[in-house]
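Let me begin by presenting the structure, written as structure tokens, before commenting on it.
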Amino acid sequence: MILLKNATVVNHDGIKKYDVLIDGDIISKLGENLDALGAETIDCEGKLLFPGFIDMHCHLREPGQTHKEDIASGTAAAVSGGYTAVCCMPNTTPPIDNAALVKYVRERSAACGNAEAYPIGAITVGQGGKTLCEFGAMKAAGAVAVSDDGLPVGDGAVMLNALRYAKTFDMLVISHSEDKSLSAGGVVNEGENATAAGLRGIPSAAESAAVARDVLLAEQTGARIHIAHVSTANSIDIIRAAKKRGVKVTCETCPHYFSATDDEILSYNTNAKINPPLRSQSDVDAVIEGLADGTIDVIATDHAPHGADEKNKEFDYAPFGTVGLETAFSLAYTELVRNEKIELTELCKLMSYNPAKILGLDGGVIRAGVRADITLVNPDDELTVDASLFRSKGKNSLFDGWRLMGRIEKVFVGGEEKII
């Protein structure tokens with residue numbers, strides 16, 4: 001047994017100072033002045049206790065791209081960032097497009113013993129955009145959603161059928177909303193900074209037009225759709241209006257879309273090459289507004305590890321992506337909570353409660369009788385991001401060298417304390 005004394009417990013619906021008793025893999029009691037004979041006691045005075053964070057969108061690269069990341073290193077990085085569960089995208093080699101590969105990810109996750117890894121299966125075979133995968137078989141094997149992620153389904157008829165098919169299994173469809181005909185050849189956000197840097201731009205409509213299509217298809221079918229990594233004001237407006245109409249749409253953004261603008265590209269730092277690209281200040285402001293008013297449901301990482309040799313190229317030729325598992329909480333806490341954009345309870349919704357609810361996973365709350373997935377944070381501890389110390393194989397962090405607040409101190413997965 002483990003007794004967490006004097007903790008400030010942060011749930012989605014309130015904050016209260018409690019003692020928390022972990023017995024095996026369960027939170028057995030919450031209350032004041034708890035005592036438990038023989039329990040390991042940890043004084044949490046001045047610390048915040050969150051339900052373990054859940055990342056709806058990351059890339060663990062296994063199978064096939066383990067020089068970038070693997071399930072062991074990725075789930076270790078997740079724990080270091082306060083995550084007790086992560087959902088990994090299917091753009092591996094080969095893609096996770098069948099029940100056998102879904103089962104493989106779940107078994108490897110269990111063997112690694114870090115954060116739980118839940119696979120997201122592909123929508124189409126080989127992410128080819130044509131033939132639908134067997135959603136039911138993948139769900140039975142442990143897939144929590146389907147997505148073609150960075151190779152989004154361009155054919156509207158295929159996406160319509162995918163939504164209809166997913167609805168029969170009550171399965172979430174996650175859309176990387178991007179019109180490839182509009183974004184083709186682009187590497188940064190279209191605008192003044194792209195012109196100044198001499199880099200080809202991606203218009204914001206490449207995202208928002210695709211968001212509009214997928215939201216309308218979800219509305220027609222009554223299926224559940226989740227829009228990945230929203231980054232533009234127009235996308236947020238479309239989703240906000242759809243929610244008011246009763247469309248079953250949820251969405252996520254990532255820390256880089258509320259913490260940084262496309263000013264970062266002016267130094268040609270390839271860690272600022274991200275898809276969707278970093279946007280203008282007006283888009284950043286819209287993302288923050290969407291987080292504050294509840295239009296955006298989730299903060300995900302889109303953790304995208306790459307090797308140093310892959311990122312150390314001319315901007316046009318470097319791959320898209322930045323790592324994020326080990327910096328997401330501190331960025332969100334620093335940029336949103338300490339800057340008084342949202343409350344701690346809202347942060348809990350965005351990183352714990354809402355992801356669990358949307359995906360149908362255990363967790364997301366701290367209360368008696370639930371699994372003991374818990375993250376302990378020191379909110380007053382300042383840290384300087386040092387990517388060289390990451391447990392992830394990927395060191396390609398946009399935020400290397402940034403000074404942030406809020407350090408992860410302890411993480412319990414199923415009641416077991418993990419190395420951070």
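In the structure tokens, chains take the letters A, B, ... in the order shown, each chain's residues start at 1, and ligands count up from 1 in the order shown.
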Mind running region 77-185 of chain A against region 296-310 of chain A at 10 Å and telling me each contacting residue's nearest atom pair with the distance in Å (one decimal), counting only C-alpha atoms, chain and number ascending, as a Markdown table?
| residue | atom | partner | partner_atom | distance |
| --- | --- | --- | --- | --- |
| A:Ala78 | CA | A:His303 | CA | 9.7 |
| A:Val86 | CA | A:Ala300 | CA | 9.5 |
| A:Cys87 | CA | A:Ala300 | CA | 9.7 |
| A:Cys88 | CA | A:Asp302 | CA | 9.3 |
| A:Met89 | CA | A:Asp302 | CA | 9.1 |
File dump, residues just selected, N, CA and C atoms, as a PDB file, in the first residue's frame:
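File written: part_10.pdb
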ATOM      1  N   ALA A  78       6.829   8.642 -22.216  1.00  0.00           N
ATOM      2  CA  ALA A  78       5.480   9.016 -21.782  1.00  0.00           C
ATOM      3  C   ALA A  78       5.405   9.134 -20.264  1.00  0.00           C
ATOM      4  N   VAL A  86      -0.929   6.085 -23.613  1.00  0.00           N
ATOM      5  CA  VAL A  86      -0.762   6.786 -24.894  1.00  0.00           C
ATOM      6  C   VAL A  86      -1.430   5.973 -25.987  1.00  0.00           C
ATOM      7  N   CYS A  87      -1.874   6.669 -27.020  1.00  0.00           N
ATOM      8  CA  CYS A  87      -2.504   6.028 -28.173  1.00  0.00           C
ATOM      9  C   CYS A  87      -1.616   6.277 -29.381  1.00  0.00           C
ATOM     10  N   CYS A  88      -1.131   5.192 -29.978  1.00  0.00           N
ATOM     11  CA  CYS A  88      -0.130   5.315 -31.038  1.00  0.00           C
ATOM     12  C   CYS A  88      -0.759   5.162 -32.417  1.00  0.00           C
ATOM     13  N   MET A  89      -0.352   6.040 -33.306  1.00  0.00           N
ATOM     14  CA  MET A  89      -0.874   6.085 -34.662  1.00  0.00           C
ATOM     15  C   MET A  89      -0.327   4.934 -35.511  1.00  0.00           C
TER      16      MET A  89
END
Per residue of region 6-101 of chain A within 12 Å of region 248-253 of chain A, which atom pair is closest and at what distance in Å (one decimal), using only C-alpha atoms, listed by chain and increasing number, as a Markdown table?
| residue | atom | partner | partner_atom | distance |
| --- | --- | --- | --- | --- |
| A:Asp55 | CA | A:Glu252 | CA | 10.2 |
| A:Met56 | CA | A:Glu252 | CA | 8.4 |
| A:His57 | CA | A:Glu252 | CA | 9.0 |
What does the file look like for those residues with all heavy atoms, as a PDB file, in the first residue's frame?
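out39.pdb, written as the output of this step:
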ATOM      1  N   ASP A  55      -2.512  10.471 -23.662  1.00  0.00           N
ATOM      2  CA  ASP A  55      -2.209  11.110 -24.946  1.00  0.00           C
ATOM      3  C   ASP A  55      -2.963  10.386 -26.059  1.00  0.00           C
ATOM      4  O   ASP A  55      -2.729   9.207 -26.309  1.00  0.00           O
ATOM      5  CB  ASP A  55      -0.701  11.072 -25.211  1.00  0.00           C
ATOM      6  CG  ASP A  55      -0.318  11.855 -26.456  1.00  0.00           C
ATOM      7  OD1 ASP A  55      -1.166  12.629 -26.962  1.00  0.00           O
ATOM      8  OD2 ASP A  55       0.825  11.697 -26.931  1.00  0.00           O
ATOM      9  N   MET A  56      -3.841  11.113 -26.733  1.00  0.00           N
ATOM     10  CA  MET A  56      -4.645  10.513 -27.789  1.00  0.00           C
ATOM     11  C   MET A  56      -3.910  10.387 -29.112  1.00  0.00           C
ATOM     12  O   MET A  56      -4.441   9.791 -30.054  1.00  0.00           O
ATOM     13  CB  MET A  56      -5.916  11.329 -28.019  1.00  0.00           C
ATOM     14  CG  MET A  56      -6.986  11.142 -26.963  1.00  0.00           C
ATOM     15  SD  MET A  56      -8.560  11.919 -27.403  1.00  0.00           S
ATOM     16  CE  MET A  56      -9.068  10.951 -28.832  1.00  0.00           C
ATOM     17  N   HIS A  57      -2.695  10.914 -29.204  1.00  0.00           N
ATOM     18  CA  HIS A  57      -2.072  11.000 -30.532  1.00  0.00           C
ATOM     19  C   HIS A  57      -0.552  11.064 -30.407  1.00  0.00           C
ATOM     20  O   HIS A  57       0.019  12.111 -30.107  1.00  0.00           O
ATOM     21  CB  HIS A  57      -2.581  12.261 -31.244  1.00  0.00           C
ATOM     22  CG  HIS A  57      -2.168  12.392 -32.665  1.00  0.00           C
ATOM     23  ND1 HIS A  57      -2.996  12.952 -33.610  1.00  0.00           N
ATOM     24  CD2 HIS A  57      -1.033  12.055 -33.322  1.00  0.00           C
ATOM     25  CE1 HIS A  57      -2.380  12.953 -34.788  1.00  0.00           C
ATOM     26  NE2 HIS A  57      -1.175  12.416 -34.627  1.00  0.00           N
TER      27      HIS A  57
END
Filtered DSSP result for region 20-138 of chain A, state alpha helix (DSSP H), as a ChimeraX atom specification: /A:71-80,99-112,135-138
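Using only C-alpha atoms, the smallest distance between any of A:Ala387, A:Leu291, A:Val79, A:Val125 and Leu336 (chain A) comes from A:Leu291.
Residues in contact with Leu172 (chain A) at up to 9 Å, not including ones fewer than 6 positions away on its chain and judged by only C-alpha atoms, are Val144, Ala145, Val146, Ser147, Leu163, Ala166, Ala223, Arg224, Ile225, His226, Ile358 and Leu359 of chain A.
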Selection near Cys112 (chain A), 8 Å with only C-alpha atoms, sequence-local residues under 4 positions removed, as a PyMOL selection string: chain A and resi 71-72+75+108
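When only C-alpha atoms are used to measure the gap to Ala36 (chain A), the shortest distance among A:Lys16, A:Arg338, A:Lys410, A:Lys5 belongs to A:Lys5.
Comparing A:Thr195, A:Thr295, A:Asn98, A:Gln65 by their smallest distance to Gly136 (chain A), the closest is A:Asn98 (using only C-alpha atoms).
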Close residues, Gly113 (chain A) itself excluded, 12 Å, only C-alpha atoms, min 4 positions apart in chain, as a PyMOL selection string: chain A and resi 71-76+78-79+84-85+106-109+117+412-414+416-419
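Here CA of Tyr333 (chain A) stands at a distance of 22.8 Å from CA of Gly394 (chain A).
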Sel. of strand (DSSP E) residues, region 146-381 of chain A, as a ChimeraX atom specification: /A:146,172-175,188-189,201-202,225-227,249-253,298-299,374-381
CA of Glu69 (chain A) to CA of Ser392 (chain A), distance in Å rounded to a single decimal: 6.8 Å
